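Below is one structure, written out as structure tokens, with a few remarks after it.
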Amino acid sequence: MLRTLSLELHSAVTGSYVSGTYSIVFVNCPNEQIARDIARASLDKKLAASVNILPKASSLYFWNGEIEEATEILLLIKTKTSKVHALSSYIRLVHPFEIPEVFSLPMDQGDVHYFKWLEEGMEED
């Protein structure tokens, strides 16, 4: 948490991007309506700045000792690394899966203007 805050402070003061300030959160959903509901709520709650909804991801996985197959909808949620925990907690509350797939990867590099746009999208009113 302290590292995340220091990354945000450095980025704000210098105007440059520090690797790991933002993350992409991956979430699989059972259908498009649930995916849209989670995406919209994440944006409304300022837990994310942008969400891509990727249709029809084929998933194979172990569940209760058996190999299962499903077609799922993948969300790519762009957020501040400091908001990943709150976003994950929210998703666990509303997601219909017993154990929803929620994990994040830090954004290493990218366009500074894009990162500024992400920041503006999550500013509180």
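The way I read the labels, and the way they are meant: chains A, B, ... in the order of the structure tokens, residue 1 as the first residue of every chain, and ligand 1 as the first ligand shown, with later ones counted on from there.
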_Test item, helix (DSSP H, G or I) assignment across segment 26-63 of chain A, answer as a PyMOL selection string_ = chain A and resi 32-44
Excluding same-chain residues fewer than 6 positions from Ile34 of chain A, what lies within 9 Å of it counting only C-alpha atoms, as a PDB file with C-alpha atoms, in the first residue's frame?
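Now in out30.pdb:
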```
ATOM      1  CA  ILE A  73     -17.249 -13.220 -21.219  1.00  0.00           C
ATOM      2  CA  HIS A  95     -20.409 -12.014  -9.022  1.00  0.00           C
ATOM      3  CA  PRO A  96     -22.578 -15.141  -9.328  1.00  0.00           C
TER       4      PRO A  96
END
```
Residues near Leu43 of chain A, cut-off 10 Å, only C-alpha atoms, skip fewer than 5 positions along chain, as a compact mmCIF listing (two decimals) with all heavy atoms, in the first residue's frame:
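File part.txt, as written:
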```
# COMPACT_ATOMS: atom_id res chain seq x y z
N ILE A 38 -21.40 -5.58 -14.16
CA ILE A 38 -20.18 -5.41 -13.37
C ILE A 38 -19.34 -4.27 -13.94
O ILE A 38 -18.81 -3.44 -13.19
CB ILE A 38 -19.38 -6.73 -13.30
CG1 ILE A 38 -20.13 -7.74 -12.42
CG2 ILE A 38 -17.96 -6.49 -12.77
CD1 ILE A 38 -19.54 -9.13 -12.42
N ALA A 48 -12.87 1.94 -11.59
CA ALA A 48 -12.20 1.70 -12.87
C ALA A 48 -12.40 2.91 -13.76
O ALA A 48 -13.33 3.70 -13.56
CB ALA A 48 -12.77 0.46 -13.54
N ALA A 49 -11.52 3.04 -14.75
CA ALA A 49 -11.63 4.13 -15.73
C ALA A 49 -12.10 3.61 -17.08
O ALA A 49 -12.65 4.37 -17.87
CB ALA A 49 -10.29 4.83 -15.89
N SER A 50 -11.90 2.33 -17.33
CA SER A 50 -12.23 1.77 -18.64
C SER A 50 -12.39 0.26 -18.49
O SER A 50 -11.66 -0.37 -17.73
CB SER A 50 -11.10 2.08 -19.62
OG SER A 50 -11.28 1.44 -20.85
N VAL A 51 -13.36 -0.28 -19.24
CA VAL A 51 -13.57 -1.74 -19.22
C VAL A 51 -13.81 -2.22 -20.64
O VAL A 51 -14.64 -1.67 -21.35
CB VAL A 51 -14.79 -2.13 -18.35
CG1 VAL A 51 -14.95 -3.65 -18.32
CG2 VAL A 51 -14.68 -1.56 -16.94
N ILE A 77 -10.42 -4.80 -17.05
CA ILE A 77 -10.75 -3.59 -16.31
C ILE A 77 -9.46 -2.83 -16.01
O ILE A 77 -8.55 -3.36 -15.38
CB ILE A 77 -11.47 -3.95 -14.99
CG1 ILE A 77 -12.70 -4.81 -15.28
CG2 ILE A 77 -11.82 -2.69 -14.21
CD1 ILE A 77 -13.38 -5.37 -14.04
N LYS A 78 -9.41 -1.57 -16.48
CA LYS A 78 -8.23 -0.74 -16.24
C LYS A 78 -8.50 0.15 -15.03
O LYS A 78 -9.51 0.85 -14.97
CB LYS A 78 -7.89 0.13 -17.45
CG LYS A 78 -7.07 -0.61 -18.51
CD LYS A 78 -7.86 -1.61 -19.29
CE LYS A 78 -8.68 -0.93 -20.32
NZ LYS A 78 -9.54 -1.72 -21.12
N THR A 79 -7.56 0.09 -14.06
CA THR A 79 -7.74 0.82 -12.82
C THR A 79 -6.40 1.19 -12.21
O THR A 79 -5.36 0.74 -12.68
CB THR A 79 -8.56 -0.03 -11.82
OG1 THR A 79 -8.91 0.77 -10.69
CG2 THR A 79 -7.81 -1.26 -11.38
N GLY A 121 -10.46 9.67 -15.35
CA GLY A 121 -11.69 8.89 -15.33
C GLY A 121 -12.08 8.37 -13.96
O GLY A 121 -13.23 8.04 -13.72
N MET A 122 -11.10 8.31 -13.05
CA MET A 122 -11.38 7.79 -11.70
C MET A 122 -11.43 8.88 -10.66
O MET A 122 -11.55 8.59 -9.47
CB MET A 122 -10.35 6.73 -11.33
CG MET A 122 -10.55 5.44 -12.11
SD MET A 122 -9.33 4.18 -11.70
CE MET A 122 -7.94 4.76 -12.67
```
*Backbone-only DSSP, strand (DSSP E or B) members of chain A, as a PyMOL selection string*: chain A and resi 22-29+50-63+66-80+102-106
Distance table requested - segment 22-72 of chain A against segment 85-93 of chain A, cut-off 12 Å, only C-alpha atoms: one row per qualifying residue with the closest atom pair and its distance in Å to one decimal, ordered by chain and rising residue number, as JSON lines.
```
{"residue": "A:Ser23", "atom": "CA", "partner": "A:His85", "partner_atom": "CA", "distance": 11.2}
{"residue": "A:Ile24", "atom": "CA", "partner": "A:Leu87", "partner_atom": "CA", "distance": 11.2}
{"residue": "A:Val25", "atom": "CA", "partner": "A:Ser88", "partner_atom": "CA", "distance": 8.5}
{"residue": "A:Phe26", "atom": "CA", "partner": "A:Ser88", "partner_atom": "CA", "distance": 10.0}
{"residue": "A:Val27", "atom": "CA", "partner": "A:Ile91", "partner_atom": "CA", "distance": 8.6}
{"residue": "A:Asn28", "atom": "CA", "partner": "A:Ile91", "partner_atom": "CA", "distance": 10.6}
{"residue": "A:Cys29", "atom": "CA", "partner": "A:Ile91", "partner_atom": "CA", "distance": 10.4}
{"residue": "A:Ile34", "atom": "CA", "partner": "A:Ile91", "partner_atom": "CA", "distance": 10.9}
{"residue": "A:Ala35", "atom": "CA", "partner": "A:Ile91", "partner_atom": "CA", "distance": 10.5}
{"residue": "A:Asp37", "atom": "CA", "partner": "A:Ile91", "partner_atom": "CA", "distance": 10.6}
{"residue": "A:Ile38", "atom": "CA", "partner": "A:Ile91", "partner_atom": "CA", "distance": 7.2}
{"residue": "A:Ala39", "atom": "CA", "partner": "A:Ile91", "partner_atom": "CA", "distance": 9.7}
{"residue": "A:Arg40", "atom": "CA", "partner": "A:Ile91", "partner_atom": "CA", "distance": 11.8}
{"residue": "A:Ala41", "atom": "CA", "partner": "A:Tyr90", "partner_atom": "CA", "distance": 9.4}
{"residue": "A:Ser42", "atom": "CA", "partner": "A:Leu87", "partner_atom": "CA", "distance": 7.2}
{"residue": "A:Leu43", "atom": "CA", "partner": "A:Leu87", "partner_atom": "CA", "distance": 10.2}
{"residue": "A:Asp44", "atom": "CA", "partner": "A:Leu87", "partner_atom": "CA", "distance": 11.8}
{"residue": "A:Lys45", "atom": "CA", "partner": "A:Leu87", "partner_atom": "CA", "distance": 9.2}
{"residue": "A:Lys46", "atom": "CA", "partner": "A:Leu87", "partner_atom": "CA", "distance": 9.4}
{"residue": "A:Leu47", "atom": "CA", "partner": "A:Leu87", "partner_atom": "CA", "distance": 5.8}
{"residue": "A:Ala48", "atom": "CA", "partner": "A:Leu87", "partner_atom": "CA", "distance": 7.9}
{"residue": "A:Ala49", "atom": "CA", "partner": "A:Leu87", "partner_atom": "CA", "distance": 11.7}
```
Just-selected residues, all heavy atoms written as a compact mmCIF listing (two decimals), in the first residue's frame:
```
# COMPACT_ATOMS: atom_id res chain seq x y z
N SER A 23 -3.18 -0.92 -13.19
CA SER A 23 -3.26 -2.37 -13.40
C SER A 23 -4.42 -2.70 -14.32
O SER A 23 -5.36 -1.90 -14.46
CB SER A 23 -3.47 -3.09 -12.07
OG SER A 23 -2.33 -3.00 -11.24
N ILE A 24 -4.36 -3.88 -14.90
CA ILE A 24 -5.47 -4.45 -15.65
C ILE A 24 -5.99 -5.62 -14.82
O ILE A 24 -5.22 -6.51 -14.43
CB ILE A 24 -5.05 -4.95 -17.04
CG1 ILE A 24 -4.49 -3.81 -17.87
CG2 ILE A 24 -6.23 -5.62 -17.75
CD1 ILE A 24 -3.93 -4.23 -19.20
N VAL A 25 -7.29 -5.60 -14.53
CA VAL A 25 -7.92 -6.66 -13.76
C VAL A 25 -8.71 -7.53 -14.73
O VAL A 25 -9.50 -7.02 -15.54
CB VAL A 25 -8.85 -6.08 -12.67
CG1 VAL A 25 -9.53 -7.20 -11.89
CG2 VAL A 25 -8.05 -5.18 -11.73
N PHE A 26 -8.48 -8.82 -14.68
CA PHE A 26 -9.15 -9.80 -15.54
C PHE A 26 -10.28 -10.45 -14.74
O PHE A 26 -10.06 -10.91 -13.63
CB PHE A 26 -8.17 -10.89 -15.98
CG PHE A 26 -7.06 -10.40 -16.86
CD1 PHE A 26 -6.01 -9.65 -16.35
CD2 PHE A 26 -7.05 -10.71 -18.22
CE1 PHE A 26 -4.98 -9.21 -17.16
CE2 PHE A 26 -6.03 -10.26 -19.03
CZ PHE A 26 -4.99 -9.51 -18.51
N VAL A 27 -11.47 -10.48 -15.34
CA VAL A 27 -12.63 -11.09 -14.69
C VAL A 27 -13.44 -11.85 -15.74
O VAL A 27 -13.82 -11.27 -16.75
CB VAL A 27 -13.55 -10.03 -14.03
CG1 VAL A 27 -14.76 -10.69 -13.37
CG2 VAL A 27 -12.79 -9.16 -13.05
N ASN A 28 -13.68 -13.13 -15.52
CA ASN A 28 -14.56 -13.90 -16.40
C ASN A 28 -15.98 -13.88 -15.84
O ASN A 28 -16.17 -14.01 -14.63
CB ASN A 28 -14.09 -15.35 -16.55
CG ASN A 28 -13.14 -15.51 -17.71
OD1 ASN A 28 -13.07 -14.66 -18.59
ND2 ASN A 28 -12.39 -16.59 -17.72
N CYS A 29 -16.95 -13.72 -16.72
CA CYS A 29 -18.37 -13.67 -16.34
C CYS A 29 -19.14 -14.73 -17.13
O CYS A 29 -18.77 -15.05 -18.26
CB CYS A 29 -18.96 -12.29 -16.64
SG CYS A 29 -18.17 -10.97 -15.69
N ILE A 34 -24.33 -9.96 -17.15
CA ILE A 34 -23.58 -9.85 -15.89
C ILE A 34 -22.29 -9.08 -16.12
O ILE A 34 -21.92 -8.23 -15.31
CB ILE A 34 -23.33 -11.25 -15.29
CG1 ILE A 34 -24.65 -11.82 -14.77
CG2 ILE A 34 -22.28 -11.20 -14.19
CD1 ILE A 34 -24.61 -13.27 -14.39
N ALA A 35 -21.62 -9.34 -17.24
CA ALA A 35 -20.39 -8.62 -17.57
C ALA A 35 -20.67 -7.11 -17.68
O ALA A 35 -19.93 -6.29 -17.11
CB ALA A 35 -19.79 -9.15 -18.86
N ASP A 37 -23.18 -5.43 -16.36
CA ASP A 37 -23.57 -4.90 -15.05
C ASP A 37 -22.33 -4.64 -14.18
O ASP A 37 -22.23 -3.59 -13.53
CB ASP A 37 -24.50 -5.88 -14.33
CG ASP A 37 -25.88 -5.97 -14.98
OD1 ASP A 37 -26.22 -5.11 -15.83
OD2 ASP A 37 -26.63 -6.92 -14.63
N ILE A 38 -21.40 -5.58 -14.16
CA ILE A 38 -20.18 -5.41 -13.37
C ILE A 38 -19.34 -4.27 -13.94
O ILE A 38 -18.81 -3.44 -13.19
CB ILE A 38 -19.38 -6.73 -13.30
CG1 ILE A 38 -20.13 -7.74 -12.42
CG2 ILE A 38 -17.96 -6.49 -12.77
CD1 ILE A 38 -19.54 -9.13 -12.42
N ALA A 39 -19.23 -4.19 -15.26
CA ALA A 39 -18.44 -3.13 -15.90
C ALA A 39 -19.02 -1.76 -15.56
O ALA A 39 -18.30 -0.85 -15.12
CB ALA A 39 -18.41 -3.34 -17.41
N ARG A 40 -20.31 -1.59 -15.74
CA ARG A 40 -20.95 -0.30 -15.49
C ARG A 40 -20.85 0.10 -14.02
O ARG A 40 -20.53 1.24 -13.69
CB ARG A 40 -22.41 -0.32 -15.94
CG ARG A 40 -23.09 1.03 -15.78
CD ARG A 40 -24.38 1.12 -16.54
NE ARG A 40 -24.23 1.05 -17.97
CZ ARG A 40 -23.85 2.07 -18.74
NH1 ARG A 40 -23.55 3.21 -18.22
NH2 ARG A 40 -23.76 1.90 -20.04
N ALA A 41 -21.11 -0.83 -13.12
CA ALA A 41 -21.02 -0.53 -11.69
C ALA A 41 -19.60 -0.16 -11.28
O ALA A 41 -19.40 0.75 -10.47
CB ALA A 41 -21.53 -1.71 -10.87
N SER A 42 -18.61 -0.84 -11.85
CA SER A 42 -17.21 -0.52 -11.55
C SER A 42 -16.87 0.91 -11.97
O SER A 42 -16.16 1.63 -11.26
CB SER A 42 -16.27 -1.51 -12.25
OG SER A 42 -16.50 -2.82 -11.80
N LEU A 43 -17.40 1.31 -13.11
CA LEU A 43 -17.19 2.69 -13.58
C LEU A 43 -17.97 3.68 -12.71
O LEU A 43 -17.42 4.71 -12.30
CB LEU A 43 -17.61 2.82 -15.05
CG LEU A 43 -16.75 2.04 -16.05
CD1 LEU A 43 -17.44 2.01 -17.41
CD2 LEU A 43 -15.36 2.63 -16.15
N ASP A 44 -19.22 3.37 -12.43
CA ASP A 44 -20.05 4.26 -11.60
C ASP A 44 -19.44 4.49 -10.22
O ASP A 44 -19.51 5.59 -9.68
CB ASP A 44 -21.46 3.69 -11.42
CG ASP A 44 -22.32 3.81 -12.66
OD1 ASP A 44 -21.99 4.61 -13.56
OD2 ASP A 44 -23.34 3.08 -12.73
N LYS A 45 -18.82 3.47 -9.65
CA LYS A 45 -18.23 3.55 -8.33
C LYS A 45 -16.80 4.13 -8.36
O LYS A 45 -16.14 4.19 -7.33
CB LYS A 45 -18.22 2.18 -7.66
CG LYS A 45 -19.61 1.65 -7.36
CD LYS A 45 -19.53 0.25 -6.78
CE LYS A 45 -20.90 -0.27 -6.42
NZ LYS A 45 -21.63 0.58 -5.50
N LYS A 46 -16.34 4.51 -9.56
CA LYS A 46 -14.99 5.06 -9.75
C LYS A 46 -13.90 4.07 -9.33
O LYS A 46 -12.82 4.44 -8.92
CB LYS A 46 -14.81 6.38 -8.98
CG LYS A 46 -15.79 7.47 -9.37
CD LYS A 46 -15.49 7.99 -10.74
CE LYS A 46 -16.38 9.20 -11.03
NZ LYS A 46 -16.14 9.77 -12.31
N LEU A 47 -14.22 2.78 -9.45
CA LEU A 47 -13.23 1.73 -9.19
C LEU A 47 -12.43 1.42 -10.44
O LEU A 47 -11.45 0.69 -10.38
CB LEU A 47 -13.92 0.47 -8.68
CG LEU A 47 -14.58 0.59 -7.31
CD1 LEU A 47 -15.40 -0.65 -7.00
CD2 LEU A 47 -13.53 0.84 -6.23
N ALA A 48 -12.87 1.94 -11.59
CA ALA A 48 -12.20 1.70 -12.87
C ALA A 48 -12.40 2.91 -13.76
O ALA A 48 -13.33 3.70 -13.56
CB ALA A 48 -12.77 0.46 -13.54
N ALA A 49 -11.52 3.04 -14.75
CA ALA A 49 -11.63 4.13 -15.73
C ALA A 49 -12.10 3.61 -17.08
O ALA A 49 -12.65 4.37 -17.87
CB ALA A 49 -10.29 4.83 -15.89
```
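Restricting the calculation to only C-alpha atoms, the smallest distance between Arg36 of chain A and any of A:Gln109, A:Val84, A:Phe97, A:Leu54 is found for A:Leu54.
Using only C-alpha atoms for every distance, the candidate list A:Ala70, A:Ile53, A:Thr81, A:Trp63 yields A:Thr81 as the residue closest to Met107 of chain A.
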